[in-house]
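Chemist: First the structure, which I've put down as structure tokens, then a few questions once you've had a look.
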Amino acid sequence: MILNEFPIKGSLKEPLLVLESLFVFFLLELAVIFWMRIRSEKISELKSSQEKGYIWLFLGYSIMWFFIIVGDYYVDSIHLRNFILNLGYLIQMIFLINFVRIMEKYKVFIRKYLFTKICLVLILISFLAFFIDSYYRLFILLSFWIFFIGFFTIYLIDLGSKFYIKIDLRGFKLELLKFCIGIILIAVGSTLTMSLLVGIFGLGIRFIGDILQLFGLILISFFFITIPSYNEYNWQDKIISVFIMHKSGLFIYKKSFREKGSPIDESVITGTLTTIKMMLEKVSDIDSISIIKKKEKILIFQPGRFIYGVLICEEELESLKILLSKFINKIETIYSNILEDWDRNLNVFTPIEGIAKEIFY
């Protein structure tokens, strides 16, 4: 039996309505979470803009599902239903273009605003097609999803090569797996909720599709919540210097990442080192990372078992904290026997330069 009756009726109406209403509230809640993070946290302009993009993305998706519910469950006229559905899809695409525009504002993917322009063209085509013939809707939406997946594929490749490859490649693979599974579940679920398949197999297939989409959304939400900010991408440009000190207070390694520091930078470094030595003299039980801000420069102070690591940078980034910790751990692993009973011979630490290049380059 082919089912083409709207609004939806039958024994599965209530379960479907509850499940699809969950989409609306779940996506709306994600948008609110990012809005609250912007309002409550002291974050950089770049991080704030990125999370504003996520608000547009999830809010648009939530509105789209709201229009789907209204059209499929509460409207008798087929023409009015098509108009409501088309309007919901169009609003979602408009919100999506704002998301892509914000993402491309601070990060160039292939070419400046390339994906924003493609998105705009698709929206213009959609605007014409949706109100001329609703049968074009499926083709337009499919093209839009292919475009969206392509955009995020490039984003993930760039993220993996510039951030996770140095920070945590295993973490990247796990996040990538979540994202891919989520996309697959949403794609399969969306296919199962198509009117054509529902008309052939009944509302049960739509119920299965909704469940798959819900699990897919949950997986993708983890990806967006944990994904690093754009300002973490260019962590190499934020490093000024790194210092390793023995707990006796003597420096065993110094490295400047700037070819020629300005006089201001030199004075900042000198003052910073004085501050560090004072800390070492007064506080002997430091066992966690500390952050010191001095003349618009950031000092990341990380204690180890035998040594202290100090990284001077322009911005406080999680990636730099992780890299400094890895640097200290690797040095202590290799030189543990020497550091425990160090005779103040600095020549033995010459190979640390190779470790620094491995970690920070």
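To be explicit about the labels: the chains of the structure tokens are called A, B, and onward in the order shown, and within each one the residues are counted from 1, while ligands get numbers from 1 in the order they are shown.
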Would you list the contacts of range 346-355 of chain A as a PyMOL selection string, taking every protein, DNA or RNA residue within 9 Å and counting only C-alpha atoms, but skipping same-chain residues closer than 5 positions in sequence?
Modeler: chain A and resi 251-253+255+327+330-331+335+338+360
Chemist: Take the residues from that selection and write them out as a short mmCIF file (atom, residue, chain, number, x, y, z; two decimals), in the first residue's frame, keeping N, CA and C atoms.
Modeler:
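out-v1.cif, freshly written:
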data_model
loop_
_atom_site.label_atom_id
_atom_site.label_comp_id
_atom_site.auth_asym_id
_atom_site.auth_seq_id
_atom_site.Cartn_x
_atom_site.Cartn_y
_atom_site.Cartn_z
N PHE A 251 69.13 26.93 33.97
CA PHE A 251 68.54 26.64 32.66
C PHE A 251 69.37 25.57 31.96
N ILE A 252 68.68 24.58 31.41
CA ILE A 252 69.38 23.54 30.65
C ILE A 252 69.06 23.62 29.16
N TYR A 253 68.04 24.43 28.80
CA TYR A 253 67.72 24.59 27.38
C TYR A 253 66.95 25.89 27.19
N LYS A 255 65.28 28.29 23.80
CA LYS A 255 65.02 28.33 22.36
C LYS A 255 64.10 29.49 22.03
N PHE A 327 56.74 17.95 25.71
CA PHE A 327 58.16 18.28 25.65
C PHE A 327 58.84 17.90 26.97
N LYS A 330 58.95 14.04 27.52
CA LYS A 330 59.92 13.34 26.68
C LYS A 330 61.34 13.56 27.19
N ILE A 331 61.64 14.79 27.61
CA ILE A 331 62.97 15.08 28.15
C ILE A 331 63.22 14.27 29.42
N TYR A 335 66.16 11.60 29.88
CA TYR A 335 67.25 12.03 30.77
C TYR A 335 66.95 11.77 32.25
N ILE A 338 70.03 11.06 34.38
CA ILE A 338 70.95 12.20 34.45
C ILE A 338 70.37 13.31 35.31
N PHE A 360 57.81 21.01 18.29
CA PHE A 360 57.32 22.36 17.97
C PHE A 360 57.42 22.74 16.50
#
Chemist: Excluding Leu28 in chain A and any residue of its chain fewer than 5 positions from it, enumerate the residues within 9 Å of it, using only C-alpha atoms, and give them as an MDAnalysis selection string.
Modeler: chainID A and resid 23 33 55 58:63
Chemist: Write to file, as a CSV table (one decimal), in the first residue's frame, the residues of the selection just made, with C-alpha atoms.
Modeler:
chain,number,residue,atom,x,y,z
A,23,PHE,CA,15.1,17.0,17.2
A,33,ILE,CA,24.8,25.9,24.8
A,55,ILE,CA,24.6,28.7,16.7
A,58,PHE,CA,22.0,24.2,14.9
A,59,LEU,CA,19.3,26.9,15.1
A,60,GLY,CA,18.6,26.6,11.4
A,61,TYR,CA,18.4,22.8,11.6
A,62,SER,CA,16.0,23.2,14.6
A,63,ILE,CA,13.8,25.6,12.7
Chemist: Using only C-alpha atoms, which of A:Ser248, A:Leu19, A:Phe152, A:Ser49 sits nearest Cys180 in chain A?
Modeler: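 Residue with the minimum atom-to-atom distance to Cys180 in chain A: A:Phe152.
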Chemist: Would you compute the distance between CA of Asp72 in chain A and CA of Pro7 in chain A? Give it in Å to one decimal.
Modeler: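 Separating CA of Asp72 in chain A from CA of Pro7 in chain A is a distance of 5.1 Å.
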Chemist: With only C-alpha atoms as the counted atoms, please give the residues lying no more than 10 Å from range 218-227 of chain A, apart from itself and same-chain residues fewer than 4 positions off, as a PyMOL selection string.
Modeler: chain A and resi 26-27+30+33-34+51+54+58+159+172+174-183+185-186+213-214
Chemist: Keeping N, CA and C atoms for every residue in the selection just given, could you write it to a file as a short mmCIF file (atom, residue, chain, number, x, y, z; two decimals), in the first residue's frame?
Modeler:
data_model
loop_
_atom_site.label_atom_id
_atom_site.label_comp_id
_atom_site.auth_asym_id
_atom_site.auth_seq_id
_atom_site.Cartn_x
_atom_site.Cartn_y
_atom_site.Cartn_z
N PHE A 26 16.47 19.33 20.95
CA PHE A 26 17.87 18.95 21.08
C PHE A 26 18.77 19.93 20.31
N LEU A 27 18.39 20.23 19.08
CA LEU A 27 19.17 21.17 18.27
C LEU A 27 19.11 22.58 18.84
N LEU A 30 21.46 22.77 21.75
CA LEU A 30 22.85 22.91 21.32
C LEU A 30 23.16 24.37 20.97
N ILE A 33 23.50 26.23 24.17
CA ILE A 33 24.77 25.91 24.84
C ILE A 33 25.89 26.79 24.31
N PHE A 34 25.99 26.89 22.98
CA PHE A 34 27.04 27.72 22.40
C PHE A 34 26.81 29.20 22.68
N GLU A 51 31.90 29.95 17.43
CA GLU A 51 30.76 29.39 18.13
C GLU A 51 29.46 30.08 17.72
N TYR A 54 28.27 28.03 14.94
CA TYR A 54 27.58 26.82 15.38
C TYR A 54 26.14 27.13 15.79
N PHE A 58 22.94 25.03 14.17
CA PHE A 58 21.98 24.22 14.92
C PHE A 58 20.61 24.89 15.01
N LEU A 159 42.33 20.34 9.62
CA LEU A 159 42.44 20.25 11.08
C LEU A 159 43.42 19.16 11.48
N PHE A 172 42.17 12.73 17.21
CA PHE A 172 41.60 13.17 15.93
C PHE A 172 40.88 12.02 15.23
N LEU A 174 39.49 9.46 16.58
CA LEU A 174 38.25 9.17 17.30
C LEU A 174 37.17 10.18 16.95
N GLU A 175 37.54 11.47 16.94
CA GLU A 175 36.57 12.51 16.59
C GLU A 175 36.11 12.35 15.14
N LEU A 176 37.04 11.99 14.26
CA LEU A 176 36.69 11.78 12.86
C LEU A 176 35.73 10.60 12.72
N LEU A 177 35.97 9.55 13.49
CA LEU A 177 35.09 8.38 13.44
C LEU A 177 33.68 8.75 13.89
N LYS A 178 33.58 9.52 14.98
CA LYS A 178 32.27 9.96 15.47
C LYS A 178 31.55 10.78 14.41
N PHE A 179 32.28 11.71 13.80
CA PHE A 179 31.67 12.59 12.81
C PHE A 179 31.18 11.79 11.60
N CYS A 180 32.02 10.88 11.11
CA CYS A 180 31.66 10.09 9.92
C CYS A 180 30.46 9.19 10.20
N ILE A 181 30.46 8.54 11.35
CA ILE A 181 29.32 7.68 11.70
C ILE A 181 28.05 8.53 11.83
N GLY A 182 28.19 9.70 12.45
CA GLY A 182 27.04 10.59 12.59
C GLY A 182 26.48 11.02 11.26
N ILE A 183 27.36 11.39 10.32
CA ILE A 183 26.92 11.80 8.99
C ILE A 183 26.22 10.65 8.27
N LEU A 185 24.69 8.05 9.62
CA LEU A 185 23.40 7.79 10.25
C LEU A 185 22.36 8.82 9.83
N ILE A 186 22.76 10.08 9.77
CA ILE A 186 21.83 11.13 9.36
C ILE A 186 21.44 10.96 7.89
N GLN A 213 18.69 9.19 12.74
CA GLN A 213 19.08 10.60 12.70
C GLN A 213 19.37 11.14 14.10
N LEU A 214 18.59 10.70 15.08
CA LEU A 214 18.81 11.17 16.44
C LEU A 214 20.18 10.74 16.96
#
Chemist: Excluding same-chain residues fewer than 5 positions from Gly10 in chain A, what lies within 12 Å of it counting only C-alpha atoms, as a list in words?
Modeler: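 With the cut-off at 12 Å, the set is Leu3, Glu5, Pro15, Leu16, Leu17, Tyr73, Gly202, Leu203 and Gly204 of chain A.
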